file work11.txt (compact mmCIF, C-alpha atoms)
# COMPACT_ATOMS: atom_id res chain seq x y z
CA MET A 1 106.67 116.38 70.27
CA ALA A 2 103.13 117.74 70.11
CA ILE A 3 100.27 115.35 70.87
CA ALA A 4 98.85 116.00 67.39
CA ASP A 5 102.10 114.73 65.88
CA LEU A 6 101.84 111.32 67.52
CA ARG A 7 100.68 108.93 64.82
CA ARG A 8 100.48 105.23 64.17
CA GLU A 9 100.06 103.41 60.88
CA TYR A 10 97.99 100.23 60.77
CA ASN A 11 99.52 97.59 58.52
CA LEU A 12 98.91 94.22 60.15
CA THR A 13 95.97 92.83 58.16
CA GLY A 14 92.57 93.51 56.63
CA LEU A 15 89.03 92.30 57.25
CA ARG A 16 86.78 91.01 54.47
CA ARG A 17 83.09 90.18 54.52
CA ARG A 18 83.83 86.54 53.84
CA ASP A 19 86.10 86.43 56.89
CA LEU A 20 83.20 87.13 59.24
CA GLU A 21 81.21 84.59 61.21
CA ALA A 22 77.43 84.73 60.77
CA ASP A 23 77.03 85.30 64.51
CA PRO A 24 78.87 88.23 66.14
CA ILE A 25 79.46 86.36 69.40
CA ALA A 26 81.34 83.69 67.46
CA GLN A 27 83.26 86.45 65.67
CA PHE A 28 84.09 88.12 68.99
CA LYS A 29 85.37 84.85 70.45
CA LYS A 30 87.54 84.26 67.38
CA TRP A 31 89.11 87.70 67.67
CA PHE A 32 89.54 87.29 71.43
CA GLU A 33 91.37 84.00 70.93
CA GLN A 34 93.59 85.57 68.28
CA ALA A 35 94.42 88.49 70.59
CA ALA A 36 95.29 85.98 73.30
CA GLY A 37 97.54 84.13 70.87
CA VAL A 38 95.40 81.00 70.94
CA ARG A 39 95.09 80.96 67.18
CA ALA A 40 95.97 83.11 64.22
CA SER A 41 94.92 82.90 60.61
CA GLY A 42 97.56 83.07 57.91
CA ARG A 43 101.34 82.67 57.95
CA LEU A 44 102.06 86.38 57.58
CA ARG A 45 99.62 87.27 60.34
CA LYS A 46 101.23 84.77 62.71
CA PHE A 47 104.65 86.19 61.91
CA GLY A 48 103.43 89.77 62.39
CA ILE A 49 101.85 89.05 65.77
CA LYS A 50 104.89 87.14 66.98
CA LEU A 51 107.21 89.97 65.94
CA TYR A 52 104.97 92.59 67.56
CA LYS A 53 104.92 90.69 70.87
CA LYS A 54 108.70 90.32 70.82
CA LEU A 55 109.09 94.06 70.32
CA LEU A 56 106.72 94.72 73.22
CA LEU A 57 108.71 92.43 75.49
CA ALA A 58 111.99 94.01 74.40
CA SER A 59 110.63 97.49 75.19
CA GLY A 60 109.46 96.42 78.65
CA ALA A 61 105.81 97.13 77.84
CA GLU A 62 103.12 95.62 80.02
CA PRO A 63 101.20 92.67 78.52
CA LEU A 64 97.83 93.54 77.03
CA ASP A 65 94.84 93.15 79.36
CA LEU A 66 92.51 91.35 76.96
CA THR A 67 89.44 91.47 79.22
CA ALA A 68 89.61 95.23 79.82
CA MET A 69 86.65 97.03 78.24
CA THR A 70 85.34 100.56 78.41
CA LEU A 71 81.81 100.68 79.80
CA ALA A 72 79.78 103.77 78.88
CA THR A 73 76.57 104.70 80.71
CA VAL A 74 74.24 107.71 80.81
CA ASP A 75 72.61 109.36 83.84
CA SER A 76 69.06 110.68 84.14
CA HIS A 77 70.13 114.05 82.67
CA GLY A 78 71.73 112.49 79.62
CA HIS A 79 75.28 113.04 80.89
CA PRO A 80 77.61 110.20 79.82
CA SER A 81 80.19 108.43 81.96
CA ALA A 82 82.83 105.90 80.98
CA ARG A 83 85.26 103.69 82.83
CA VAL A 84 87.21 100.47 82.29
CA VAL A 85 85.81 97.24 83.74
CA LEU A 86 86.74 93.60 83.15
CA LEU A 87 84.85 91.10 81.02
CA LYS A 88 84.03 87.99 83.07
CA GLY A 89 82.03 85.97 80.57
CA VAL A 90 80.52 85.97 77.11
CA ASP A 91 78.08 83.62 75.40
CA GLU A 92 74.90 83.79 73.33
CA ARG A 93 73.21 85.62 76.24
CA GLY A 94 75.68 88.52 76.16
CA PHE A 95 78.67 90.08 77.93
CA VAL A 96 79.10 89.80 81.71
CA PHE A 97 80.83 92.04 84.25
CA PHE A 98 80.57 92.61 88.01
CA THR A 99 80.48 95.72 90.17
CA ASN A 100 78.89 97.53 93.10
CA TYR A 101 75.20 98.14 92.36
CA GLU A 102 75.32 101.38 94.39
CA SER A 103 78.26 102.84 92.45
CA ARG A 104 77.79 105.61 89.92
CA LYS A 105 77.58 103.13 87.07
CA GLY A 106 75.16 100.99 89.07
CA GLN A 107 72.89 103.95 89.72
CA GLU A 108 73.04 105.04 86.10
CA LEU A 109 72.22 101.53 84.89
CA ALA A 110 69.28 101.38 87.29
CA GLY A 111 67.89 104.58 85.76
CA ASN A 112 68.77 103.75 82.16
CA PRO A 113 69.51 100.05 81.59
CA ARG A 114 71.35 100.60 78.31
CA ALA A 115 75.09 100.75 77.85
CA ALA A 116 77.98 100.45 75.43
CA LEU A 117 81.23 98.50 75.61
CA VAL A 118 84.48 99.03 73.72
CA PHE A 119 87.41 96.61 73.49
CA TYR A 120 90.70 97.81 71.99
CA TRP A 121 93.44 95.26 71.28
CA SER A 122 96.41 97.26 70.07
CA ASN A 123 98.51 94.20 69.24
CA GLN A 124 95.81 93.17 66.75
CA GLU A 125 95.03 96.73 65.56
CA ARG A 126 91.40 95.97 66.36
CA GLN A 127 88.48 97.31 68.32
CA VAL A 128 85.01 95.94 69.01
CA CYS A 129 82.11 98.27 69.90
CA ILE A 130 78.97 96.81 71.49
CA ALA A 131 75.67 98.41 72.50
CA GLY A 132 72.56 96.96 74.06
CA GLU A 133 70.38 96.51 77.11
CA ILE A 134 71.62 95.67 80.59
CA SER A 135 70.12 93.35 83.19
CA GLN A 136 71.36 92.10 86.55
CA LEU A 137 72.49 88.50 86.80
CA PRO A 138 70.45 86.10 88.93
CA PRO A 139 71.74 86.07 92.55
CA ALA A 140 72.99 82.48 92.22
CA GLU A 141 75.30 83.46 89.33
CA SER A 142 76.63 86.47 91.25
CA ASP A 143 77.17 84.26 94.31
CA ALA A 144 79.12 81.71 92.29
CA TYR A 145 81.46 84.30 90.82
CA PHE A 146 81.89 86.17 94.11
CA HIS A 147 83.07 83.03 95.89
CA SER A 148 85.57 82.32 93.10
CA ARG A 149 87.35 85.63 93.78
CA PRO A 150 90.45 85.97 95.98
CA ARG A 151 89.48 86.47 99.60
CA GLY A 152 91.00 89.96 99.68
CA SER A 153 88.79 90.99 96.78
CA GLN A 154 85.73 89.60 98.56
CA GLU A 155 86.54 91.65 101.67
CA ALA A 156 87.21 94.75 99.56
CA ALA A 157 83.69 94.54 98.09
CA TRP A 158 82.33 95.07 101.63
CA ALA A 159 84.92 97.68 102.59
CA SER A 160 84.61 100.01 99.60
CA PRO A 161 81.46 102.17 99.28
CA GLN A 162 82.27 102.62 95.61
CA SER A 163 81.96 106.12 94.10
CA THR A 164 81.30 107.81 97.46
CA VAL A 165 83.58 110.46 98.99
CA ILE A 166 85.93 109.18 101.72
CA PRO A 167 88.24 111.25 103.93
CA ASP A 168 91.51 109.53 103.06
CA ARG A 169 93.23 106.25 102.20
CA ALA A 170 93.62 105.39 105.88
CA ALA A 171 89.84 105.30 106.36
CA LEU A 172 89.47 102.82 103.50
CA GLU A 173 92.21 100.55 104.82
CA GLU A 174 90.76 100.68 108.34
CA LYS A 175 87.37 99.62 107.00
CA TRP A 176 89.06 96.73 105.17
CA ARG A 177 90.77 95.61 108.40
CA GLN A 178 87.42 95.67 110.19
CA ILE A 179 85.87 93.46 107.51
CA GLU A 180 88.87 91.14 107.62
CA ALA A 181 88.42 90.74 111.38
CA ARG A 182 84.65 90.31 111.13
CA TYR A 183 84.93 87.33 108.78
CA ALA A 184 88.14 85.81 110.17
CA GLY A 185 87.86 82.03 109.87
CA LYS A 186 84.46 82.32 108.14
CA GLU A 187 83.20 82.46 104.59
CA VAL A 188 82.77 86.00 103.29
CA PRO A 189 79.17 86.39 102.04
CA ARG A 190 78.42 88.32 98.88
CA PRO A 191 77.26 91.85 99.74
CA PRO A 192 73.64 92.45 98.67
CA PHE A 193 74.82 95.60 96.87
CA TRP A 194 77.39 93.79 94.73
CA GLY A 195 76.86 91.51 91.74
CA GLY A 196 76.84 90.96 88.03
CA TYR A 197 75.35 92.52 84.93
CA ARG A 198 74.83 91.12 81.47
CA LEU A 199 74.71 93.28 78.34
CA TRP A 200 72.38 91.81 75.71
CA PRO A 201 73.79 93.22 72.45
CA ALA A 202 71.64 94.88 69.84
CA ARG A 203 74.62 96.09 67.79
CA ILE A 204 78.23 94.93 67.52
CA GLU A 205 80.87 96.56 65.32
CA PHE A 206 84.23 95.08 64.36
CA TRP A 207 86.99 97.50 63.36
CA GLN A 208 90.28 96.50 61.79
CA GLY A 209 92.96 99.15 61.34
CA ARG A 210 94.21 99.67 57.77
CA PRO A 211 96.80 101.95 56.12
CA ASN A 212 95.92 105.58 55.34
CA ARG A 213 93.00 105.45 57.82
CA LEU A 214 90.94 103.45 55.30
CA HIS A 215 89.98 100.99 58.01
CA ASP A 216 87.70 97.97 57.63
CA ARG A 217 84.53 98.26 59.69
CA PHE A 218 81.54 95.91 59.85
CA ARG A 219 78.34 96.26 61.84
CA TYR A 220 76.08 93.45 63.04
CA THR A 221 72.53 94.61 63.87
CA ARG A 222 70.11 92.29 65.66
CA GLN A 223 66.87 91.70 63.74
CA PRO A 224 63.40 91.08 65.25
CA ASP A 225 63.81 87.32 64.75
CA ASN A 226 67.23 87.45 66.52
CA THR A 227 69.19 86.92 63.32
CA TRP A 228 71.90 89.44 62.43
CA ARG A 229 72.25 91.85 59.51
CA ILE A 230 75.88 92.46 58.55
CA GLU A 231 76.88 95.70 56.80
CA ARG A 232 80.18 97.28 55.87
CA LEU A 233 80.53 100.83 57.20
CA SER A 234 82.70 103.65 55.97
CA PRO A 235 85.53 104.15 58.44

call {"tool": "encode", "arguments": {"input": "work11.txt", "output": "structure tokens"}}
result
Amino acid sequence: MAIADLRREYNLTGLRRRDLEADPIAQFKKWFEQAAGVRASGRLRKFGIKLYKKLLLASGAEPLDLTAMTLATVDSHGHPSARVVLLKGVDERGFVFFTNYESRKGQELAGNPRAALVFYWSNQERQVCIAGEISQLPPAESDAYFHSRPRGSQEAAWASPQSTVIPDRAALEEKWRQIEARYAGKEVPRPPFWGGYRLWPARIEFWQGRPNRLHDRFRYTRQPDNTWRIERLSP
């Protein structure tokens, strides 16, 4: 079958203006909880989600990684890059993730502290697109998260010079063993080149798949007084 012939119809539900929260962070949390199965609105929706999950399990499909989000950045020449990172927190201050500050994304964010995020939850037929400004988390917040990670992940942060060329896998694993030995029996400190970022959203879009590609799409735009304007967009 040709790639162009692969199609999917979206039939699960719709999205109406009156369904939306006034604040997009509250709306995001509601959708996140629904994707996680914490809550669902409407009897038919609950049945549809339950059936979909059963079909996924029967097919042997991997469970959906709800926190996975595409992070898009731009370098000093205007060339875009994108990769998947994991959401580690969200509140009225924005969306949080962690990485190596010296990685490609870290360097691009240092030069242009603006980025975009995209979540896609296939079991809900939904995506959320977010754009805004990026800032580093205070060191204390990065420290707190770093020390909550598994020890192997802490050691890997030291061992991996992210985005740089290395000769082979063996060199990476040898570096990891050296770090493991260095901190044996001791607390692993957070590397100074590793920590968190927060994206302060200026725009958030909510997309709900609908039949015949007539999707529902709403955009929240932050206003100068930090209120939000909500508009329906053509799909």

call {"tool": "closest_residue", "arguments": {"input": "work11.txt", "among": "A:Glu102, A:Asp225, A:Glu155, A:Glu9", "to": "Arg182 in chain A", "atoms": "all atoms listed in the file"}}
result
A:Glu155

call {"tool": "closest_residue", "arguments": {"input": "work11.txt", "among": "A:Gln178, A:Thr221, A:Ser163, A:Ser81", "to": "Gly132 in chain A", "atoms": "all atoms listed in the file"}}
result
A:Thr221

call {"tool": "closest_atom_pairs", "arguments": {"input": "work11.txt", "of": "range 96-161 of chain A", "to": "range 212-219 of chain A", "cutoff": "10 Å", "atoms": "all atoms listed in the file", "output": "JSON lines"}}
result
{"residue": "A:Arg126", "atom": "CA", "partner": "A:Asp216", "partner_atom": "CA", "distance": 9.7}
{"residue": "A:Gln127", "atom": "CA", "partner": "A:Arg217", "partner_atom": "CA", "distance": 9.5}
{"residue": "A:Val128", "atom": "CA", "partner": "A:Arg217", "partner_atom": "CA", "distance": 9.6}
{"residue": "A:Cys129", "atom": "CA", "partner": "A:Arg219", "partner_atom": "CA", "distance": 9.1}
{"residue": "A:Ile130", "atom": "CA", "partner": "A:Arg219", "partner_atom": "CA", "distance": 9.7}

call {"tool": "write_last_selection", "arguments": {"input": "work11.txt", "atoms": "C-alpha atoms", "output": "short mmCIF file (atom, residue, chain, number, x, y, z; two decimals), in the frame of the given file"}}
result
data_model
loop_
_atom_site.label_atom_id
_atom_site.label_comp_id
_atom_site.auth_asym_id
_atom_site.auth_seq_id
_atom_site.Cartn_x
_atom_site.Cartn_y
_atom_site.Cartn_z
CA ARG A 126 91.40 95.97 66.36
CA GLN A 127 88.48 97.31 68.32
CA VAL A 128 85.01 95.94 69.01
CA CYS A 129 82.11 98.27 69.90
CA ILE A 130 78.97 96.81 71.49
#

call {"tool": "closest_residue", "arguments": {"input": "work11.txt", "among": "A:Leu87, A:Leu172, A:Ile134, A:Ala140", "to": "Pro113 in chain A", "atoms": "all atoms listed in the file"}}
result
A:Ile134

call {"tool": "closest_residue", "arguments": {"input": "work11.txt", "among": "A:Arg18, A:Arg151, A:Lys88, A:Arg210", "to": "Leu66 in chain A", "atoms": "only C-alpha atoms"}}
result
A:Lys88

call {"tool": "atom_distance", "arguments": {"input": "work11.txt", "atom1": "CA of Ser160 in chain A", "atom2": "CA of Gly106 in chain A"}}
result
14.2 Å

call {"tool": "closest_residue", "arguments": {"input": "work11.txt", "among": "A:Glu33, A:Val165, A:Leu20, A:Phe119", "to": "Glu231 in chain A", "atoms": "all atoms listed in the file"}}
result
A:Leu20

call {"tool": "closest_residue", "arguments": {"input": "work11.txt", "among": "A:Arg8, A:Arg177, A:Arg17, A:Arg83", "to": "Ala68 in chain A", "atoms": "all atoms listed in the file"}}
result
A:Arg83

call {"tool": "residues_around", "arguments": {"input": "work11.txt", "residues": "Ala144 in chain A", "least_positions_apart": "5", "cutoff": "10 Å", "atoms": "all atoms listed in the file", "output": "number ranges by chain"}}
result
A: 139, 149, 190

call {"tool": "write_last_selection", "arguments": {"input": "work11.txt", "atoms": "C-alpha atoms", "output": "PDB file, in the coordinates of the input"}}
result
ATOM      1  CA  PRO A 139      71.740  86.070  92.550  1.00  0.00           C
ATOM      2  CA  ARG A 149      87.350  85.630  93.780  1.00  0.00           C
ATOM      3  CA  ARG A 190      78.420  88.320  98.880  1.00  0.00           C
TER       4      ARG A 190
END

call {"tool": "atom_distance", "arguments": {"input": "work11.txt", "atom1": "CA of Val74 in chain A", "atom2": "CA of Pro24 in chain A"}}
result
24.8 Å

call {"tool": "atom_distance", "arguments": {"input": "work11.txt", "atom1": "CA of Trp207 in chain A", "atom2": "CA of Arg7 in chain A"}}
result
17.9 Å

call {"tool": "residues_around", "arguments": {"input": "work11.txt", "residues": "range 192-196 of chain A", "least_positions_apart": "2", "cutoff": "6 Å", "atoms": "all atoms listed in the file", "output": "ChimeraX atom specification"}}
result
/A:97-101,136-137,142

call {"tool": "residues_around", "arguments": {"input": "work11.txt", "residues": "Glu125 in chain A", "least_positions_apart": "2", "cutoff": "7 Å", "atoms": "only C-alpha atoms", "output": "VMD selection string"}}
result
chain A and resid 10 121 to 123 208 to 209

call {"tool": "residues_around", "arguments": {"input": "work11.txt", "residues": "Lys29 in chain A", "least_positions_apart": "4", "cutoff": "12 Å", "atoms": "all atoms listed in the file", "output": "list in words"}}
result
Leu20, Glu21, Asp23, Pro24, Ile25, Glu33, Gln34, Ala35, Ala36, Val38, Arg39, Leu66, Thr67, Gly89, Val90, Asp91, Glu92, Gly94, Phe95, Val128 and Phe206 of chain A
